[in-house]
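Below is data33.txt, which holds compact mmCIF, C-alpha atoms and all ligand atoms.
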# COMPACT_ATOMS: atom_id res chain seq x y z
CA MET A 170 89.06 144.09 -33.89
CA PRO A 171 89.23 144.40 -30.10
CA GLY A 172 90.36 141.74 -27.69
CA THR A 173 93.53 139.93 -26.80
CA LEU A 174 94.56 136.37 -27.56
CA ILE A 175 97.33 134.71 -25.58
CA LEU A 176 99.02 131.82 -27.38
CA THR A 177 101.43 129.94 -25.19
CA HIS A 178 103.33 126.68 -24.89
CA ALA A 179 101.80 123.88 -22.82
CA ASP A 180 104.84 123.06 -20.67
CA SER A 181 105.41 124.50 -17.19
CA ASP A 182 107.18 127.62 -18.49
CA GLY A 183 104.46 128.19 -21.07
CA ILE A 184 101.70 127.83 -18.47
CA CYS A 185 103.44 130.33 -16.18
CA ALA A 186 104.16 132.75 -19.04
CA GLY A 187 100.55 132.45 -20.19
CA ALA A 188 99.28 132.99 -16.63
CA LEU A 189 101.41 136.14 -16.35
CA ALA A 190 100.10 137.50 -19.65
CA PHE A 191 96.57 136.58 -18.53
CA ALA A 192 97.08 138.45 -15.25
CA ALA A 193 98.17 141.51 -17.23
CA PHE A 194 95.26 141.15 -19.71
CA PRO A 195 92.43 139.51 -17.72
CA ASP A 196 89.95 139.86 -20.58
CA ALA A 197 92.11 137.84 -22.94
CA ARG A 198 91.46 134.35 -24.24
CA ILE A 199 94.27 131.94 -23.52
CA PHE A 200 95.16 129.07 -25.82
CA PHE A 201 97.97 126.56 -25.97
CA THR A 202 99.94 125.78 -29.07
CA LYS A 203 103.33 124.53 -30.22
CA PRO A 204 105.74 125.43 -33.01
CA VAL A 205 104.32 122.91 -35.50
CA SER A 206 100.72 124.10 -35.02
CA LEU A 207 101.37 127.84 -34.62
CA LEU A 208 100.71 128.72 -38.26
CA GLU A 209 97.41 126.86 -38.30
CA ASP A 210 96.35 128.39 -34.99
CA LEU A 211 97.06 131.88 -36.32
CA GLN A 212 94.70 131.40 -39.25
CA ASP A 213 91.51 131.96 -37.29
CA VAL A 214 92.54 134.64 -34.82
CA ARG A 215 89.80 137.27 -34.46
CA GLU A 216 91.49 139.39 -31.81
CA GLY A 217 93.47 142.51 -32.67
CA ARG A 218 96.18 141.83 -30.13
CA ILE A 219 98.20 138.64 -29.84
CA ILE A 220 100.58 137.77 -27.03
CA LEU A 221 102.83 134.89 -28.04
CA CYS A 222 104.70 133.22 -25.19
CA ASP A 223 107.40 130.57 -25.28
CA ILE A 224 106.59 129.43 -28.82
CA ALA A 225 109.53 128.90 -31.16
CA LEU A 226 109.21 129.67 -34.85
CA ALA A 227 109.37 126.44 -36.83
CA ASN A 228 111.95 126.10 -39.59
CA ASN A 229 109.52 125.48 -42.40
CA THR A 230 106.71 127.87 -41.43
CA ALA A 231 108.48 130.86 -39.85
CA GLY A 232 107.90 133.20 -42.80
CA GLN A 233 104.22 132.32 -43.15
CA ALA A 234 103.66 132.57 -39.39
CA LEU A 235 105.20 136.05 -39.33
CA ALA A 236 103.06 137.06 -42.33
CA ALA A 237 99.95 135.82 -40.50
CA LEU A 238 100.72 138.25 -37.68
CA SER A 239 100.59 141.34 -39.89
CA GLY A 240 97.89 143.86 -39.10
CA LYS A 241 97.76 142.76 -35.47
CA GLU A 242 99.35 144.23 -32.39
CA VAL A 243 101.78 141.47 -31.42
CA PHE A 244 103.90 140.98 -28.32
CA TYR A 245 106.24 138.05 -28.83
CA PHE A 246 108.20 136.52 -25.95
CA ASP A 247 110.50 133.63 -26.66
CA HIS A 248 113.81 132.11 -25.67
CA HIS A 249 114.24 129.42 -28.32
CA PRO A 250 116.92 129.87 -30.97
CA LEU A 251 115.59 131.33 -34.21
CA PRO A 252 115.57 128.97 -37.19
CA SER A 253 118.49 129.46 -39.54
CA GLY A 254 117.64 132.07 -42.15
CA VAL A 255 115.44 134.13 -39.81
CA THR A 256 117.04 137.11 -38.06
CA GLU A 257 115.84 139.08 -35.04
CA GLU A 258 115.36 142.05 -37.38
CA THR A 259 112.99 140.06 -39.58
CA VAL A 260 110.87 139.14 -36.56
CA ARG A 261 110.94 142.70 -35.20
CA LYS A 262 109.49 144.02 -38.45
CA SER A 263 106.42 141.83 -38.04
CA VAL A 264 105.64 142.54 -34.38
CA GLN A 265 105.32 145.50 -31.98
CA LEU A 266 107.50 143.92 -29.33
CA TYR A 267 109.94 141.06 -29.69
CA SER A 268 111.47 140.03 -26.40
CA HIS A 269 113.98 137.30 -27.07
CA ASP A 270 116.74 136.02 -24.85
CA ASP A 271 118.31 132.58 -25.12
CA SER A 272 119.26 132.49 -21.45
CA SER A 273 115.97 133.54 -19.80
CA CYS A 274 112.76 131.53 -19.79
CA GLY A 275 109.57 132.78 -21.40
CA SER A 276 107.99 133.52 -18.01
CA GLU A 277 110.86 135.79 -16.99
CA LEU A 278 110.56 137.75 -20.23
CA VAL A 279 106.78 138.17 -19.86
CA TYR A 280 107.08 139.15 -16.20
CA ARG A 281 109.75 141.74 -16.89
CA LYS A 282 107.66 143.35 -19.59
CA PHE A 283 104.34 143.46 -17.73
CA GLN A 284 105.44 143.71 -14.10
CA SER A 285 104.11 147.25 -13.66
CA ARG A 286 100.61 145.87 -14.36
CA LEU A 287 101.04 142.90 -11.99
CA PRO A 288 100.91 142.35 -8.23
CA GLN A 289 104.34 141.92 -6.64
CA GLU A 290 103.74 138.24 -5.91
CA ALA A 291 103.31 137.47 -9.62
CA VAL A 292 107.09 137.24 -9.65
CA LEU A 293 106.56 133.71 -8.30
CA LEU A 294 105.25 132.68 -11.72
CA ALA A 295 108.46 133.93 -13.31
CA ILE A 296 110.45 131.90 -10.79
CA TYR A 297 108.32 128.77 -11.33
CA GLY A 298 108.67 129.09 -15.08
CA ALA A 299 112.42 129.55 -14.78
CA ILE A 300 112.96 126.52 -12.55
CA GLY A 301 110.63 124.49 -14.78
CA ASP A 302 112.80 125.33 -17.80
CA TYR A 303 116.13 125.02 -15.92
CA THR A 304 116.80 128.73 -16.53
CA ASP A 305 116.71 129.96 -12.94
CA ASN A 306 120.42 130.81 -13.00
CA THR A 307 119.84 134.24 -14.59
CA LYS A 308 120.89 137.22 -12.49
CA TYR A 309 117.30 138.49 -12.41
CA ILE A 310 115.72 135.24 -11.22
CA GLN A 311 118.48 134.60 -8.66
CA GLU A 312 117.83 138.06 -7.16
CA LYS A 313 114.09 137.42 -7.01
CA LEU A 314 114.56 133.91 -5.62
CA ALA A 315 116.52 135.38 -2.70
CA ASP A 316 113.28 137.00 -1.45
CA TRP A 317 111.66 133.61 -0.83
CA ASP A 318 112.33 130.29 0.87
CA LYS A 319 113.23 128.29 -2.18
CA ARG A 320 112.35 124.98 -0.58
CA THR A 321 108.68 125.96 -0.53
CA LEU A 322 108.88 127.22 -4.08
CA TYR A 323 110.40 123.89 -5.16
CA PHE A 324 107.35 122.15 -3.74
CA GLU A 325 105.07 124.31 -5.87
CA ILE A 326 107.15 124.02 -9.03
CA ALA A 327 107.46 120.26 -8.60
CA THR A 328 103.69 120.09 -8.22
CA LEU A 329 103.31 121.94 -11.50
CA VAL A 330 106.06 120.23 -13.51
CA LEU A 331 105.15 116.71 -12.40
CA GLY A 332 101.39 117.22 -12.11
CA ILE A 333 100.98 118.17 -15.77
CA LYS A 334 102.62 114.91 -16.79
CA SER A 335 99.49 113.09 -15.64
CA GLU A 336 96.68 112.17 -18.01
CA GLU A 337 94.27 114.30 -16.01
CA PHE A 338 96.22 117.51 -16.54
CA SER A 339 97.71 116.86 -19.95
CA ASP A 340 94.91 118.34 -22.02
CA TYR A 341 94.64 122.00 -22.91
CA ASP A 342 91.38 122.60 -21.01
CA ALA A 343 92.89 121.46 -17.72
CA LYS A 344 95.96 123.57 -18.39
CA ARG A 345 93.80 126.59 -19.18
CA ASP A 346 92.07 126.17 -15.79
CA LEU A 347 95.47 125.93 -14.15
CA ALA A 348 96.78 129.05 -15.90
CA GLY A 349 93.57 130.86 -14.92
CA LEU A 350 93.98 129.90 -11.27
CA MET A 351 97.64 130.91 -11.24
CA SER A 352 96.90 134.20 -13.00
CA LYS A 353 94.69 135.12 -10.06
CA GLY A 354 97.40 134.42 -7.51
CA GLY A 355 96.66 130.74 -6.88
CA LYS A 356 99.49 128.31 -6.20
CA PRO A 357 99.89 125.13 -8.28
CA SER A 358 99.06 123.13 -5.13
CA ASP A 359 95.69 124.94 -4.91
CA MET A 360 94.59 123.13 -8.07
CA PRO A 361 92.43 120.18 -6.96
CA GLY A 362 94.14 116.87 -7.77
CA LEU A 363 97.44 118.34 -8.94
CA VAL A 364 99.53 117.44 -5.88
CA GLU A 365 98.38 113.81 -6.02
CA ALA A 366 99.03 113.69 -9.77
CA ALA A 367 102.54 115.02 -9.13
CA ARG A 368 103.22 112.40 -6.47
CA GLU A 369 102.24 109.65 -8.88
CA ALA A 370 104.45 111.15 -11.58
CA ALA A 371 107.39 111.18 -9.15
CA ASP A 372 106.77 107.48 -8.50
CA ARG A 373 106.76 106.75 -12.21
CA GLU A 374 110.00 108.67 -12.67
CA PHE A 375 111.80 106.64 -9.99
CA ASP A 376 110.42 103.43 -11.55
CA LEU A 377 111.81 104.63 -14.86
CA TYR A 378 115.22 105.21 -13.27
CA ARG A 379 115.34 101.61 -12.09
CA LEU A 380 114.40 100.38 -15.55
CA VAL A 381 117.02 102.55 -17.28
CA ARG A 382 119.66 101.39 -14.81
CA LYS A 383 118.93 97.82 -15.86
CA ARG A 384 118.75 98.36 -19.60
CA ALA A 385 120.83 101.37 -20.72
CA GLN A 386 123.64 100.74 -23.20
CA ALA A 387 126.69 102.78 -24.11
CA LEU A 388 128.29 103.87 -27.36
CA GLY A 389 131.42 106.01 -26.98
CA LYS A 390 130.48 108.99 -24.82
CA ILE A 391 126.77 108.35 -25.10
CA GLY A 392 124.52 106.34 -22.82
CA TYR A 393 121.27 105.38 -24.54
CA ILE A 394 118.09 103.44 -24.08
CA GLU A 395 115.60 102.05 -26.58
CA ASN A 396 112.09 100.66 -26.44
CA LEU A 397 110.85 102.11 -23.21
CA PRO A 398 107.25 101.17 -22.52
CA SER A 399 105.93 104.73 -22.30
CA PHE A 400 106.51 107.85 -24.39
CA GLY A 401 106.35 110.15 -21.32
CA PHE A 402 109.36 111.19 -19.26
CA ARG A 403 111.60 111.27 -22.32
CA GLY A 404 113.93 113.90 -20.85
CA ALA A 405 114.36 111.94 -17.64
CA ALA A 406 114.95 108.71 -19.56
CA ALA A 407 117.69 110.39 -21.62
CA LEU A 408 119.35 111.94 -18.58
CA PHE A 409 119.26 108.69 -16.60
CA SER A 410 120.84 106.88 -19.57
CA ALA A 411 123.81 109.21 -19.18
CA SER A 412 123.88 108.99 -15.38
CA VAL A 413 123.77 105.21 -15.06
CA THR A 414 126.41 104.65 -17.76
CA GLY A 415 128.63 107.48 -16.48
CA LYS A 416 128.59 109.19 -19.90
CA PRO A 417 128.32 112.96 -20.55
CA VAL A 418 125.41 112.57 -23.00
CA GLY A 419 122.22 110.52 -22.69
CA VAL A 420 119.80 109.54 -25.44
CA ALA A 421 116.33 108.01 -25.25
CA VAL A 422 114.99 106.45 -28.44
CA TYR A 423 111.32 105.91 -29.17
CA LYS A 424 109.89 104.14 -32.19
CA ARG A 425 107.08 106.12 -33.79
CA ARG A 426 105.15 104.84 -36.75
CA ASN A 427 107.38 106.29 -39.48
CA TYR A 428 110.50 107.50 -37.71
CA LEU A 429 112.58 107.34 -34.53
CA ASP A 430 111.99 110.03 -31.94
CA ILE A 431 115.23 110.91 -30.17
CA THR A 432 115.52 112.83 -26.90
CA ILE A 433 118.95 114.05 -25.78
CA ARG A 434 120.16 115.37 -22.42
CA ARG A 435 123.57 116.04 -20.94
CA ARG A 436 125.48 115.90 -17.66
CA LYS A 437 128.27 118.24 -18.78
CA ALA A 438 128.23 121.64 -20.50
CA ILE A 439 127.98 120.59 -24.14
CA ASP A 440 125.92 122.33 -26.85
CA LEU A 441 123.51 119.55 -27.69
CA CYS A 442 121.37 121.66 -30.01
CA ARG A 443 123.94 122.08 -32.80
CA MET A 444 125.14 118.50 -32.51
CA ALA A 445 121.58 117.17 -32.67
CA GLU A 446 120.99 119.23 -35.80
CA LYS A 447 124.19 118.06 -37.51
CA ALA A 448 124.03 114.41 -36.47
CA ALA A 449 120.39 114.20 -37.61
CA GLU A 450 121.29 115.77 -40.96
CA THR A 451 123.93 113.12 -41.61
CA VAL A 452 121.23 110.42 -41.49
CA GLY A 453 118.53 112.36 -43.33
CA GLY A 454 116.62 113.50 -40.27
CA SER A 455 116.12 116.80 -38.43
CA GLY A 456 117.14 117.91 -34.98
CA GLY A 457 117.47 120.91 -32.68
CA GLY A 458 116.35 122.31 -29.33
CA HIS A 459 118.37 124.01 -26.62
CA PRO A 460 122.05 123.61 -25.69
CA GLU A 461 121.06 121.59 -22.62
CA ALA A 462 118.07 119.70 -24.01
CA ALA A 463 117.71 118.62 -27.61
CA GLY A 464 115.86 116.19 -29.80
CA ALA A 465 115.76 114.72 -33.27
CA ARG A 466 113.63 112.76 -35.67
CA ILE A 467 115.54 110.28 -37.75
CA PRO A 468 114.59 107.54 -40.22
CA LYS A 469 114.14 104.05 -38.83
CA GLY A 470 117.23 101.87 -39.07
CA ARG A 471 119.67 104.80 -38.79
CA LEU A 472 120.11 104.90 -35.01
CA ASP A 473 123.60 103.46 -35.01
CA ASP A 474 124.82 105.96 -37.63
CA PHE A 475 123.19 108.81 -35.75
CA LEU A 476 124.81 107.84 -32.45
CA ARG A 477 128.22 107.44 -34.10
CA ALA A 478 127.96 110.84 -35.83
CA PHE A 479 126.87 112.45 -32.57
CA ASN A 480 129.61 110.73 -30.60
CA ARG A 481 132.32 112.03 -32.96
CA MET A 482 131.22 115.61 -32.19
CA ILE A 483 131.43 115.29 -28.40
CA ARG A 484 134.69 116.92 -27.37
CA ILE A 485 135.01 116.43 -23.64
MN MN A 501 110.20 127.80 -22.22

Let's see the structure in the file written out as C-alpha cells.
Ligand SMILES: [Mn+2]
Amino acid sequence: MPGTLILTHADSDGICAGALAFAAFPDARIFFTKPVSLLEDLQDVREGRIILCDIALANNTAGQALAALSGKEVFYFDHHPLPSGVTEETVRKSVQLYSHDDSSCGSELVYRKFQSRLPQEAVLLAIYGAIGDYTDNTKYIQEKLADWDKRTLYFEIATLVLGIKSEEFSDYDAKRDLAGLMSKGGKPSDMPGLVEAAREAADREFDLYRLVRKRAQALGKIGYIENLPSFGFRGAAALFSASVTGKPVGVAVYKRRNYLDITIRRRKAIDLCRMAEKAAETVGGSGGGHPEAAGARIPKGRLDDFLRAFNRMIRI
C-alpha cells in the first residue's frame, strides 16, 4: 500500500527527528509513540513505508514489534541500547535501513540519512535534537554547530525543550503541529505560545531547585529526593538531588499506584544504565536507559535496598 508513516518519540529529539523525516517525506503522516506502545501502534499501520525515529525496542515486545514490521519498507533510526537478547543483525533482517548509534541522537541519524533531500538549514533540527538529548558532543554536530551562533540556537532549543513540558504542548496533537511547523523551516519560537510556556517551565524548574535544596537526603554516594509534588521535571529533580548534596549520583523517587518510579542522573561519568538495571533486579524491579540518564520501576517498600545496591556499584 502506498504512503509513509512516521512514528517518532514525543521528546525534543523525537520531535526534531520526526520533523526531519516529515521534511523529507512531506506526504507522510506523523505520529508519536513510545517503546511500551510501539507494538500496539504498529498493529493498524496501513502505509507501506514506516520511518521509525528515536523509539527504543522494549525488552518484552521487541520480537513481536520486529515481526509486525515485515512486508513494509522500514527505515529505523535509534540511539537507545538494544534490549539484551536482540542483536543489530536481528533488527537489520527485519528492516531496509537500520541506523543505530549510541552516541548520536535520533535527529542526527535522520538528518545524515536524508540530508540530500533537505534544505541546508534543516541541519538546525539535527542540532536542536542533539542538544535536547545532550548528545551535541559528536564530531558531526560540533562541526555543524560551528556554522551558527550557538547562543541563538540555545534560545530556540530551550524554547522547545521547556515549552513541551507545559500542559498546552504536552499532547500529541500540539506536538504534531510543532513538528509540522519545524519541518517547513519554522523555528520553535515561531510556534504561538511556546516561548511563554517555556518561560513558565523555567520558573517551575528554579522553584523545584529551591525545594530540592531544602529536602534532598543522602545515602552513600547518592543524593535523593522523595515525594515531590509534581511528576514533571523528574530529570532535573534527580540532578539537583546530586548537586545540592555534592554526590555524583542523584535520584528522584515518585510513588505511583503500584510501584515506585525512579529517575537517575549523574554529575560524573558513570554508566547509570547498567547499574539501574542491576540494582532494580536485586529488588525485583526493572531498570535501564542511557549511561547518563536512567530510570527504574521498583516495588513499593524497597527504596532503601535499591539505593544501597546502587550505591555499592558506584566506583568513583
Ligand atoms: Mn533521543

Grab the CA of Ala236 (chain A) to CA of Gly275 (chain A) distance for me, in Å with one decimal place.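 The value is 22.3 Å.
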
Please, what distance in Å, to one decimal, runs between CA of Glu336 (chain A) and CA of Ile433 (chain A)?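 Atom-to-atom, CA of Glu336 (chain A) and CA of Ile433 (chain A) are spaced 23.7 Å apart.
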
With all atoms listed in the file as the basis for distance, which of A:Ala411, A:Ile333, A:Val452, A:Ile220 is at the shortest distance from Lys282 (chain A)? A:Ile220

Write out as a PyMOL selection string which residues come within 10 Å of Val255 (chain A) when counting all atoms listed in the file, dropping same-chain ones fewer than 2 positions away. chain A and resi 226+228+231-232+250-253+257-260

Which chains and residue numbers are within 9 Å of ligand MN 501 (chain A), counting all atoms listed in the file, if I want them as a list in words?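 Taking all atoms listed in the file into account, the residues around ligand MN 501 (chain A) at most 9 Å away are His178, Asp180, Ser181, Asp182, Gly183, Ala186, Cys222, Asp223, Ile224, Asp247, His248, His249, Ser273, Cys274, Gly275, Ser276, Gly298, Ala299, Gly301, Asp302 and Thr304 of chain A.
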
For a quick check of understanding, using only C-alpha atoms, which of A:Arg345, A:Arg484, A:Arg426, A:Arg368 has the smallest distance to Ile184 (chain A)?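 For Ile184 (chain A), the nearest of the given residues is A:Arg345.
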
For each of A:Val364, A:Leu207, A:Leu441, A:Leu472, take the minimum atom-to-atom distance to Ala225 (chain A), counting all atoms listed in the file, then give the residue where this is smallest.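 Checking each candidate against Ala225 (chain A), we get A:Leu207 as the closest.
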
Proximity to Ile439 (chain A) - best of A:Asn480, A:Thr230, A:Ser272, A:Ser399, only C-alpha atoms: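 Using only C-alpha atoms, Ile439 (chain A) sits closest to A:Asn480.
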